[in-house]
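final-v6.csv follows; it contains CSV, C-alpha atoms.
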```csv
chain,number,residue,atom,x,y,z
A,1,MET,CA,-0.2,-1.5,14.9
A,2,LYS,CA,-1.7,-3.8,17.4
A,3,LEU,CA,-5.4,-4.2,17.9
A,4,LEU,CA,-7.3,-6.3,15.5
A,5,GLN,CA,-5.9,-8.9,13.2
A,6,ARG,CA,-7.7,-10.6,10.3
A,7,LYS,CA,-7.2,-11.9,6.8
A,8,ASN,CA,-8.3,-9.8,3.9
A,9,GLY,CA,-7.4,-7.5,1.2
A,10,LEU,CA,-4.2,-6.2,-0.4
A,11,ARG,CA,-2.6,-2.8,-0.6
A,12,ALA,CA,-0.2,-0.4,-2.4
A,13,THR,CA,2.0,3.7,-6.6
A,14,ALA,CA,3.9,4.4,-9.4
A,15,LEU,CA,5.7,5.5,-12.5
A,16,GLY,CA,8.5,7.2,-13.8
A,17,ALA,CA,9.9,10.2,-15.3
A,18,LEU,CA,9.7,8.3,-18.5
A,19,ALA,CA,6.1,9.0,-19.4
A,20,VAL,CA,4.7,5.6,-19.6
A,21,SER,CA,1.9,3.8,-21.1
A,22,GLY,CA,0.7,0.4,-20.8
A,23,ALA,CA,0.3,-1.5,-17.7
A,24,LEU,CA,0.4,-4.9,-16.4
A,25,VAL,CA,0.1,-4.9,-12.8
A,26,LEU,CA,-1.4,-4.5,-9.4
A,27,THR,CA,-2.3,-3.0,-6.2
A,28,ALA,CA,-2.9,-4.2,-2.9
A,29,CYS,CA,-4.1,-4.4,0.5
A,30,GLY,CA,-3.4,-7.3,2.6
A,31,SER,CA,-4.3,-9.3,5.6
A,32,ASP,CA,-2.2,-9.4,8.7
A,33,ASP,CA,-1.0,-12.9,9.2
A,34,ASN,CA,1.8,-15.2,8.0
A,35,THR,CA,2.2,-17.4,5.0
A,36,GLY,CA,4.5,-20.4,5.1
A,37,GLY,CA,4.8,-24.0,4.2
A,38,ALA,CA,7.0,-25.9,1.9
A,39,GLY,CA,6.5,-26.1,-1.8
A,40,THR,CA,5.0,-29.3,-3.0
A,41,GLY,CA,4.9,-31.1,-6.3
A,42,ASN,CA,7.6,-31.8,-8.8
A,43,GLY,CA,7.9,-29.3,-11.6
A,44,LYS,CA,5.7,-26.3,-12.4
A,45,SER,CA,2.0,-25.7,-12.0
A,46,ALA,CA,-0.1,-24.2,-14.9
A,47,ALA,CA,-0.4,-21.0,-12.9
A,48,ALA,CA,3.4,-20.7,-12.6
A,49,SER,CA,4.5,-22.2,-15.9
A,50,ASN,CA,7.3,-19.7,-16.6
A,51,ILE,CA,8.9,-19.4,-13.1
A,52,SER,CA,12.6,-20.0,-13.1
A,53,CYS,CA,13.7,-21.7,-9.9
A,54,GLU,CA,17.4,-21.7,-10.8
A,55,GLY,CA,19.5,-21.2,-7.6
A,56,ALA,CA,16.5,-21.0,-5.3
A,57,LYS,CA,16.8,-23.1,-2.2
A,58,GLY,CA,15.8,-23.4,1.4
A,59,LYS,CA,13.8,-20.9,3.4
A,60,LEU,CA,13.4,-17.2,2.7
A,61,LEU,CA,11.9,-14.9,5.4
A,62,ALA,CA,10.4,-11.5,4.5
A,63,SER,CA,8.1,-9.1,6.3
A,64,GLY,CA,6.5,-5.7,6.2
A,65,SER,CA,3.5,-4.0,4.5
A,66,SER,CA,0.2,-5.6,5.1
A,67,ALA,CA,-0.9,-3.7,1.9
A,68,GLN,CA,0.7,-6.4,-0.2
A,69,LYS,CA,-0.1,-9.4,1.9
A,70,ASN,CA,-2.7,-10.8,-0.4
A,71,ALA,CA,-0.5,-10.2,-3.3
A,72,MET,CA,2.2,-12.1,-1.5
A,73,ASP,CA,-0.2,-14.9,-0.8
A,74,LEU,CA,-0.9,-15.4,-4.5
A,75,TRP,CA,2.8,-15.1,-5.5
A,76,VAL,CA,4.0,-17.4,-2.8
A,77,LYS,CA,1.5,-20.0,-3.6
A,78,ASN,CA,2.4,-20.0,-7.3
A,79,TYR,CA,6.1,-19.8,-6.7
A,80,MET,CA,6.3,-22.7,-4.2
A,81,ALA,CA,4.2,-24.8,-6.5
A,82,ALA,CA,6.8,-24.3,-9.2
A,83,CYS,CA,9.9,-24.5,-7.0
A,84,SER,CA,9.7,-27.7,-5.0
A,85,GLY,CA,11.7,-27.5,-1.7
A,86,VAL,CA,11.7,-23.7,-1.5
A,87,GLU,CA,9.8,-22.0,1.3
A,88,ILE,CA,8.9,-18.3,1.2
A,89,ASN,CA,7.5,-16.9,4.5
A,90,TYR,CA,6.1,-13.3,4.3
A,91,LYS,CA,5.1,-12.0,7.7
A,92,SER,CA,2.5,-9.2,7.3
A,93,SER,CA,3.1,-6.6,10.0
A,94,SER,CA,3.6,-3.0,8.9
A,95,SER,CA,6.0,-1.0,6.6
A,96,GLY,CA,7.8,0.3,9.7
A,97,GLU,CA,8.3,-3.1,11.2
A,98,GLY,CA,9.4,-4.5,7.9
A,99,ILE,CA,12.1,-1.9,7.4
A,100,VAL,CA,13.3,-2.4,11.0
A,101,ALA,CA,13.6,-6.1,10.4
A,102,PHE,CA,15.4,-5.5,7.1
A,103,ASN,CA,17.9,-3.2,8.8
A,104,GLN,CA,18.4,-5.7,11.5
A,105,GLY,CA,19.3,-8.3,9.0
A,106,THR,CA,16.5,-10.8,10.0
A,107,VAL,CA,14.8,-10.9,6.6
A,108,GLY,CA,15.9,-11.3,3.0
A,109,PHE,CA,13.7,-8.4,1.8
A,110,ALA,CA,11.0,-6.1,3.3
A,111,GLY,CA,7.7,-4.7,2.0
A,112,SER,CA,7.0,-1.0,2.5
A,113,ASP,CA,4.3,1.4,1.4
A,114,SER,CA,6.7,4.3,1.4
A,115,ALA,CA,10.3,4.6,0.2
A,116,LEU,CA,13.2,4.4,2.6
A,117,LYS,CA,14.1,7.6,4.3
A,118,PRO,CA,17.7,8.9,4.1
A,119,GLU,CA,18.4,7.8,7.6
A,120,GLU,CA,17.0,4.3,6.9
A,121,VAL,CA,19.2,4.1,3.8
A,122,GLU,CA,22.2,5.0,6.0
A,123,GLU,CA,21.2,2.4,8.5
A,124,SER,CA,20.9,-0.2,5.8
A,125,LYS,CA,24.6,0.1,5.0
A,126,LYS,CA,25.4,-1.8,8.1
A,127,ILE,CA,23.6,-4.8,6.8
A,128,CYS,CA,24.2,-4.4,3.1
A,129,LYS,CA,28.0,-4.0,3.8
A,130,THR,CA,29.1,-3.2,0.3
A,131,GLY,CA,25.9,-1.4,-0.8
A,132,GLN,CA,22.7,0.0,0.6
A,133,GLY,CA,18.9,-0.6,0.7
A,134,ILE,CA,16.9,0.3,-2.5
A,135,ASN,CA,13.2,0.5,-3.3
A,136,LEU,CA,11.7,-1.7,-6.0
A,137,PRO,CA,8.0,-0.7,-6.8
A,138,MET,CA,6.0,-3.9,-7.1
A,139,VAL,CA,2.3,-3.2,-6.1
A,140,GLY,CA,0.2,-0.1,-6.5
A,141,GLY,CA,-3.4,1.0,-5.9
A,142,PRO,CA,-5.9,3.3,-4.3
A,143,ILE,CA,-6.3,4.1,-0.7
A,144,ALA,CA,-10.0,4.1,-0.1
A,145,ILE,CA,-11.8,6.3,2.4
A,146,GLY,CA,-14.4,3.8,3.7
A,147,TYR,CA,-17.5,4.7,5.7
A,148,ASN,CA,-20.5,3.2,7.4
A,149,LEU,CA,-23.5,5.5,7.5
A,150,SER,CA,-26.9,4.0,7.4
A,151,GLY,CA,-29.1,5.3,4.6
A,152,VAL,CA,-26.3,7.3,2.9
A,153,ASP,CA,-24.9,6.2,-0.4
A,154,GLY,CA,-22.5,7.9,-2.8
A,155,LEU,CA,-20.8,10.1,-0.2
A,156,VAL,CA,-18.6,12.8,-1.6
A,157,LEU,CA,-15.8,14.6,0.3
A,158,ASP,CA,-12.9,16.9,-0.6
A,159,ALA,CA,-9.4,17.1,0.8
A,160,PRO,CA,-10.1,19.9,3.4
A,161,THR,CA,-13.2,18.1,4.7
A,162,ILE,CA,-11.3,14.8,5.0
A,163,ALA,CA,-8.5,16.6,6.8
A,164,LYS,CA,-10.9,18.2,9.3
A,165,ILE,CA,-12.7,14.9,9.9
A,166,PHE,CA,-9.4,13.0,10.7
A,167,ASN,CA,-8.1,16.1,12.6
A,168,ASP,CA,-11.1,16.0,14.9
A,169,LYS,CA,-12.4,19.4,13.7
A,170,ILE,CA,-15.6,18.1,12.0
A,171,LYS,CA,-17.5,15.9,14.5
A,172,LYS,CA,-21.0,15.3,13.1
A,173,TRP,CA,-22.1,13.8,9.8
A,174,ASN,CA,-24.5,16.6,9.1
A,175,ASP,CA,-21.8,19.3,9.4
A,176,PRO,CA,-22.3,22.1,6.8
A,177,ALA,CA,-19.0,21.3,5.1
A,178,ILE,CA,-20.2,17.7,4.4
A,179,ALA,CA,-23.7,18.8,3.5
A,180,LYS,CA,-22.5,21.3,0.9
A,181,LEU,CA,-20.7,18.4,-0.9
A,182,ASN,CA,-23.7,16.1,-0.7
A,183,GLU,CA,-26.8,18.2,-1.6
A,184,GLY,CA,-30.0,16.2,-1.5
A,185,LYS,CA,-28.6,13.5,0.8
A,186,ASN,CA,-30.2,13.0,4.2
A,187,LEU,CA,-27.2,13.3,6.5
A,188,PRO,CA,-27.9,12.2,10.1
A,189,ASP,CA,-27.1,14.2,13.2
A,190,LYS,CA,-24.7,11.5,14.3
A,191,PRO,CA,-21.2,11.6,15.7
A,192,ILE,CA,-18.4,10.7,13.3
A,193,GLN,CA,-16.2,7.9,14.6
A,194,ALA,CA,-12.9,8.1,12.8
A,195,PHE,CA,-10.5,5.2,12.8
A,196,HIS,CA,-6.8,5.3,12.0
A,197,ARG,CA,-3.8,2.8,12.1
A,198,SER,CA,-2.3,2.2,15.5
A,199,GLU,CA,1.2,1.2,14.3
A,200,ASP,CA,3.6,2.9,11.9
A,201,SER,CA,2.1,2.5,8.5
A,202,GLY,CA,3.0,3.5,4.9
A,203,THR,CA,-0.7,3.8,4.2
A,204,THR,CA,-0.9,6.5,6.9
A,205,GLN,CA,2.1,8.2,5.5
A,206,ASN,CA,0.6,8.2,1.9
A,207,LEU,CA,-2.7,9.6,3.2
A,208,GLY,CA,-0.7,12.3,5.0
A,209,LYS,CA,1.2,13.2,1.8
A,210,TYR,CA,-2.2,13.6,0.0
A,211,LEU,CA,-3.7,15.8,2.8
A,212,GLY,CA,-0.5,17.8,3.2
A,213,ALA,CA,-0.4,18.5,-0.5
A,214,THR,CA,-4.1,19.3,-0.9
A,215,ALA,CA,-5.3,20.6,2.4
A,216,GLU,CA,-2.2,22.1,4.1
A,217,LYS,CA,-4.2,24.6,6.2
A,218,ASP,CA,-6.3,21.9,7.7
A,219,TRP,CA,-3.6,19.2,8.0
A,220,PRO,CA,-0.5,20.9,9.5
A,221,TYR,CA,1.4,17.6,10.0
A,222,GLU,CA,4.5,16.1,8.4
A,223,ALA,CA,3.7,13.0,6.4
A,224,GLU,CA,5.0,10.3,8.8
A,225,LYS,CA,4.2,6.6,9.3
A,226,LYS,CA,2.9,7.3,12.8
A,227,TRP,CA,-0.6,8.7,13.1
A,228,PRO,CA,-0.1,12.4,14.0
A,229,ALA,CA,-3.6,13.9,14.7
A,230,PRO,CA,-5.6,14.1,17.9
A,231,GLY,CA,-8.8,12.2,18.5
A,232,GLY,CA,-10.1,9.2,16.6
A,233,GLN,CA,-9.7,5.6,17.5
A,234,ALA,CA,-6.8,3.3,16.6
A,235,ALA,CA,-6.9,-0.2,15.1
A,236,SER,CA,-4.2,-2.6,14.0
A,237,GLY,CA,-3.5,-3.0,10.3
A,238,SER,CA,-5.7,-2.2,7.4
A,239,SER,CA,-7.8,-5.2,8.2
A,240,GLY,CA,-8.3,-3.9,11.7
A,241,VAL,CA,-9.4,-0.4,10.5
A,242,ALA,CA,-11.7,-2.0,7.9
A,243,ALA,CA,-13.3,-4.3,10.5
A,244,GLN,CA,-14.1,-1.4,12.8
A,245,VAL,CA,-15.6,0.7,10.0
A,246,LYS,CA,-17.7,-2.4,9.0
A,247,GLN,CA,-19.0,-2.8,12.5
A,248,VAL,CA,-19.6,0.7,13.7
A,249,ASP,CA,-22.4,2.9,12.3
A,250,GLY,CA,-21.1,6.4,11.9
A,251,ALA,CA,-17.5,5.2,11.3
A,252,ILE,CA,-15.0,6.3,8.7
A,253,GLY,CA,-11.4,5.0,8.0
A,254,TYR,CA,-8.8,4.5,5.4
A,255,PHE,CA,-7.4,1.3,3.9
A,256,GLU,CA,-6.6,-0.2,0.5
A,257,LEU,CA,-9.5,-0.7,-1.9
A,258,SER,CA,-9.5,-4.4,-1.7
A,259,TYR,CA,-10.4,-4.3,2.0
A,260,ALA,CA,-13.5,-2.3,1.1
A,261,THR,CA,-14.5,-4.5,-1.8
A,262,SER,CA,-14.0,-7.7,0.1
A,263,GLN,CA,-16.2,-6.5,3.0
A,264,SER,CA,-18.7,-4.5,0.9
A,265,ILE,CA,-17.8,-1.2,2.6
A,266,PRO,CA,-18.9,1.9,0.8
A,267,THR,CA,-16.2,4.3,-0.2
A,268,VAL,CA,-16.0,8.1,-0.6
A,269,SER,CA,-15.7,9.7,-4.0
A,270,ILE,CA,-13.2,12.6,-4.0
A,271,ALA,CA,-14.0,16.1,-5.2
A,272,THR,CA,-10.6,17.0,-6.8
A,273,GLY,CA,-11.6,20.0,-8.9
A,274,ALA,CA,-12.3,17.8,-11.9
A,275,SER,CA,-15.7,18.1,-13.5
A,276,ALA,CA,-17.1,15.3,-11.4
A,277,PRO,CA,-16.1,13.6,-8.1
A,278,VAL,CA,-13.8,10.6,-8.6
A,279,ALA,CA,-14.6,7.2,-7.2
A,280,ALA,CA,-12.0,4.9,-5.6
A,281,THR,CA,-11.4,2.3,-8.4
A,282,SER,CA,-8.3,0.6,-9.7
A,283,GLU,CA,-8.9,2.2,-13.1
A,284,ASN,CA,-9.1,5.7,-11.6
A,285,ALA,CA,-6.0,5.1,-9.5
A,286,SER,CA,-4.1,4.0,-12.6
A,287,LYS,CA,-4.8,7.4,-14.1
A,288,ALA,CA,-3.1,9.1,-11.2
A,289,ILE,CA,-0.2,6.5,-11.1
A,290,ALA,CA,0.5,7.1,-14.7
A,291,ALA,CA,1.7,10.7,-14.0
A,292,ALA,CA,4.2,9.6,-11.3
A,293,LYS,CA,7.9,10.1,-11.7
A,294,VAL,CA,11.0,8.1,-10.7
A,295,LYS,CA,12.8,10.1,-8.0
A,296,GLY,CA,15.3,7.5,-7.0
A,297,THR,CA,18.9,7.6,-8.2
A,298,GLY,CA,21.1,4.8,-9.3
A,299,LYS,CA,19.4,1.5,-8.9
A,300,ASP,CA,16.8,2.9,-6.5
A,301,LEU,CA,13.3,3.2,-8.2
A,302,ALA,CA,11.4,5.2,-5.6
A,303,LEU,CA,8.5,7.0,-7.2
A,304,GLU,CA,7.0,10.5,-6.8
A,305,LEU,CA,3.2,10.9,-7.1
A,306,ASP,CA,1.2,13.9,-7.9
A,307,TYR,CA,-1.4,14.0,-5.1
A,308,THR,CA,-2.8,17.3,-6.4
A,309,THR,CA,-3.9,16.0,-9.8
A,310,LYS,CA,-7.2,17.4,-11.1
A,311,ALA,CA,-7.1,15.2,-14.2
A,312,GLU,CA,-10.5,13.9,-15.2
A,313,GLY,CA,-11.2,10.5,-13.5
A,314,ALA,CA,-7.8,10.4,-11.7
A,315,TYR,CA,-8.2,9.2,-8.1
A,316,PRO,CA,-5.6,11.0,-6.1
A,317,ILE,CA,-5.1,9.0,-2.9
A,318,VAL,CA,-2.8,6.2,-4.1
A,319,LEU,CA,0.2,4.3,-2.8
A,320,VAL,CA,2.9,2.0,-4.2
A,321,THR,CA,4.4,-0.8,-2.2
A,322,TYR,CA,8.1,-1.4,-2.6
A,323,GLU,CA,10.2,-4.5,-2.0
A,324,VAL,CA,13.3,-3.3,-0.1
A,325,VAL,CA,16.6,-5.1,-0.9
A,326,CYS,CA,20.3,-4.4,-0.9
A,327,ASP,CA,21.7,-3.3,-4.3
A,328,THR,CA,24.9,-5.2,-3.3
A,329,GLY,CA,25.8,-7.0,-0.1
A,330,ASN,CA,22.6,-9.2,0.1
A,331,LYS,CA,23.0,-12.3,2.3
A,332,SER,CA,24.7,-15.0,0.2
A,333,ASP,CA,22.5,-17.8,1.6
A,334,THR,CA,19.2,-16.2,0.4
A,335,LEU,CA,20.4,-14.0,-2.6
A,336,SER,CA,19.6,-16.6,-5.3
A,337,THR,CA,16.1,-17.1,-3.8
A,338,VAL,CA,15.4,-13.4,-3.5
A,339,LYS,CA,16.4,-12.9,-7.1
A,340,SER,CA,14.3,-15.8,-8.3
A,341,PHE,CA,11.2,-14.8,-6.4
A,342,LEU,CA,11.3,-11.1,-7.2
A,343,THR,CA,12.0,-11.9,-10.9
A,344,TYR,CA,8.7,-13.7,-10.8
A,345,THR,CA,6.7,-11.1,-8.9
A,346,ALA,CA,7.9,-8.4,-11.3
A,347,SER,CA,7.3,-10.5,-14.4
A,348,ALA,CA,4.4,-10.1,-16.8
A,349,GLU,CA,3.0,-13.4,-15.5
A,350,GLY,CA,3.4,-12.4,-11.8
A,351,GLN,CA,1.7,-9.0,-12.4
A,352,GLN,CA,-1.1,-10.6,-14.4
A,353,VAL,CA,-2.0,-12.9,-11.6
A,354,LEU,CA,-3.0,-9.7,-9.6
A,355,SER,CA,-4.3,-7.6,-12.5
A,356,GLN,CA,-7.1,-10.3,-12.7
A,357,HIS,CA,-8.1,-9.2,-9.2
A,358,GLY,CA,-8.7,-5.6,-10.1
A,359,TYR,CA,-5.5,-3.9,-9.0
A,360,ALA,CA,-4.0,-0.7,-10.4
A,361,PRO,CA,-1.4,-1.2,-13.0
A,362,ILE,CA,2.2,-0.1,-12.6
A,363,PRO,CA,3.5,0.6,-16.2
A,364,ALA,CA,5.4,-2.1,-18.0
A,365,GLU,CA,8.4,0.2,-18.4
A,366,ILE,CA,8.9,0.4,-14.7
A,367,ASN,CA,8.5,-3.4,-14.3
A,368,ALA,CA,11.2,-3.8,-16.9
A,369,LYS,CA,13.6,-1.6,-14.8
A,370,VAL,CA,12.7,-3.6,-11.7
A,371,ARG,CA,13.5,-6.9,-13.5
A,372,GLU,CA,16.8,-5.4,-14.7
A,373,THR,CA,17.7,-4.3,-11.2
A,374,VAL,CA,16.7,-7.6,-9.7
A,375,ALA,CA,18.9,-9.5,-12.1
A,376,GLY,CA,21.9,-7.4,-11.1
A,377,LEU,CA,21.5,-7.8,-7.3
A,378,GLN,CA,24.6,-9.0,-5.6
```
Rendering of file as structure tokens:
Amino acid sequence: MKLLQRKNGLRATALGALAVSGALVLTACGSDDNTGGAGTGNGKSAAASNISCEGAKGKLLASGSSAQKNAMDLWVKNYMAACSGVEINYKSSSSGEGIVAFNQGTVGFAGSDSALKPEEVEESKKICKTGQGINLPMVGGPIAIGYNLSGVDGLVLDAPTIAKIFNDKIKKWNDPAIAKLNEGKNLPDKPIQAFHRSEDSGTTQNLGKYLGATAEKDWPYEAEKKWPAPGGQAASGSSGVAAQVKQVDGAIGYFELSYATSQSIPTVSIATGASAPVAATSENASKAIAAAKVKGTGKDLALELDYTTKAEGAYPIVLVTYEVVCDTGNKSDTLSTVKSFLTYTASAEGQQVLSQHGYAPIPAEINAKVRETVAGLQ
């Protein structure tokens, strides 16, 4: 992940085998820089009136997913305003880099847009000592397919066509497959310039899961964090991909919805088999997230999404961002601060801070399980 770096956006999927309702929560896409600085003020701000700072102290380092960077910006600001003398520094890099940092013991928790792999869990036992790394869903939302095509609004694509574009099989915007989905639109005879992430990315992996589930013939790749397909151009972070799409006529790329909205980048509606193509909105992503199941065991709350949904109004390309911690064996010098901070981010108050910014809700029942798990961290 190393090419362009900028501030913008937030990233992020969700729910459990406990059919849930209700919501309070978020999604994300984030910028790719650091947040730091000491808390100021004595006592709690109005925005953070219910934050408990008990036991929190010193400096807490965390890193990983740029999808949740803007979420972290808001949370850190409120938390440090409430908890004087505590410093939270979240370095936005990538999900892959965050997990590496966690398994090297250099951060108190990591952010990742995909759940830990079995080998990563095994590796975490060296750091967690008495336990292992677990996934706590905290931020969810749609992965938008953003494009820049002069004179073309309301572009519609389906999974096979998206797969062929990113697999370097469809090369022109007036290709018959695209034209068939966009009758009446004046599609130019212009080369498609597809952009993807340059570094290991949970967003890449989630897009791969969607394409593998819905367009297997045209996307013969395992869903990995590293971009697998030939062709295209690479950019660093969601912010980098969004910046390239914004600048280049004929471009297409993928990133969290907030990057698109913050930069006024048009997004593709997906033909899923429902009665009408589905736009990339927080509300539509929530409909897909609501059908997810908890696949983790024990204290692990990893989620399984249904990328093949044809439910009316359900936007299928979604992700969830997890906070990765040890169930037991967390570092004693930061444990209290980790518990205090994550209790806030998973609280109704912490979630509402982001829901006000249009992010896709993770059901309240899941947040309750997250809070219960956080309270029991050792």
With a distance cut-off of 9 Å and only C-alpha atoms, select the neighbouring residues of Gly151 of chain A, excluding the residue or stretch itself and same-chain residues fewer than 3 positions from it, and output the selection as a PDB file with C-alpha atoms, in the frame of the given file.
```
ATOM      1  CA  ASN A 186     -30.200  13.000   4.200  1.00  0.00           C
ATOM      2  CA  LEU A 187     -27.200  13.300   6.500  1.00  0.00           C
ATOM      3  CA  PRO A 188     -27.900  12.200  10.100  1.00  0.00           C
TER       4      PRO A 188
END
```
All residues 10 Å or closer to Gly58 of chain A, all atoms listed in the file, same chain fewer than 2 positions away omitted, as a ChimeraX atom specification = /A:38,55-56,60,84-88,333-334,337
So that I can check the surroundings of Lys172 of chain A, please list as a PyMOL selection string every protein, DNA and RNA residue that reaches within 12 Å of it, counting only C-alpha atoms and ignoring chain neighbours fewer than 5 positions away.
chain A and resi 149+161+164-165+177-179+187-194+250-252
> Which residues come within 10 Å of Thr272 of chain A, counting all atoms listed in the file, excluding same-chain residues fewer than 5 positions away, as a list in words?
Replying inline: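 Listing them by chain and then by number gives Leu157, Asp158, Ala159, Thr214, Pro277, Val278, Tyr307, Thr308, Thr309, Lys310, Ala311, Glu312, Gly313, Ala314, Tyr315 and Pro316 of chain A.
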**Prompt:** Which residue gives the smallest distance to Val245 of chain A among A:Ser63, A:Asn148, A:Asn167, A:Ser198, with all atoms listed in the file counted?
**Reply:**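 Of A:Ser63, A:Asn148, A:Asn167, A:Ser198, the one nearest Val245 of chain A, counting all atoms listed in the file, is A:Asn148.
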Proximity of segment 260-372 of chain A to segment 233-243 of chain A: per-residue shortest pair, 10 Å limit, all atoms listed in the file, as a Markdown table:
```
| residue | atom | partner | partner_atom | distance |
| --- | --- | --- | --- | --- |
| A:Ala260 | CA | A:Ala242 | CA | 7.0 |
| A:Ser262 | CA | A:Ala242 | CA | 9.9 |
| A:Gln263 | CA | A:Ala242 | CA | 8.0 |
| A:Ile265 | CA | A:Ala242 | CA | 8.1 |
```
**Asked** So which residues touch Phe109 of chain A within 6 Å, counting all atoms listed in the file, skipping near sequence neighbours fewer than 3 positions away, as a PyMOL selection string?
**Response** chain A and resi 62+324-325
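Minimum atom-to-atom distances from A:Asn174, A:Ser340, A:Thr267, A:Thr373 to Met80 of chain A were compared using only C-alpha atoms, and the lowest value belongs to A:Ser340.
Checking A:Val353, A:Met72, A:Leu136, A:Leu211 one by one against Glu323 of chain A, counting only C-alpha atoms, you find the shortest gap at A:Leu136.
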*asked:* Between A:Val338, A:Ile362, A:Leu305, A:Ala163, which residue has the minimum interatomic distance to Val374 of chain A, considering all atoms listed in the file?
replied: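 Among the listed residues, A:Val338 lies closest to Val374 of chain A.
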Coordinates-based distance that separates atom CA of Lys185 of chain A from atom CA of Asp218 of chain A (Å, one decimal):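 One can read the atom CA of Asp218 of chain A to atom CA of Lys185 of chain A distance as 24.8 Å.
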Using all atoms listed in the file, can you tell me which of A:Glu216, A:Glu256, A:Asp200, A:Asp168 comes closest to Ala229 of chain A?
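Ranking A:Glu216, A:Glu256, A:Asp200, A:Asp168 by distance to Ala229 of chain A, first place goes to A:Asp168.
Ranking A:Ala292, A:Val370, A:Ala302, A:Cys326 by their shortest atom-to-atom distance to Thr130 of chain A, with only C-alpha atoms included, puts A:Cys326 first.
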From atom CA of Trp75 of chain A to atom CA of Gly350 of chain A the spacing works out at 6.9 Å
ask   = Just how far from atom CA of Ser336 of chain A is atom CA of Gly131 of chain A, in Å to one decimal?
value =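 Interatomic distance, atom CA of Gly131 of chain A to atom CA of Ser336 of chain A: 17.1 Å.
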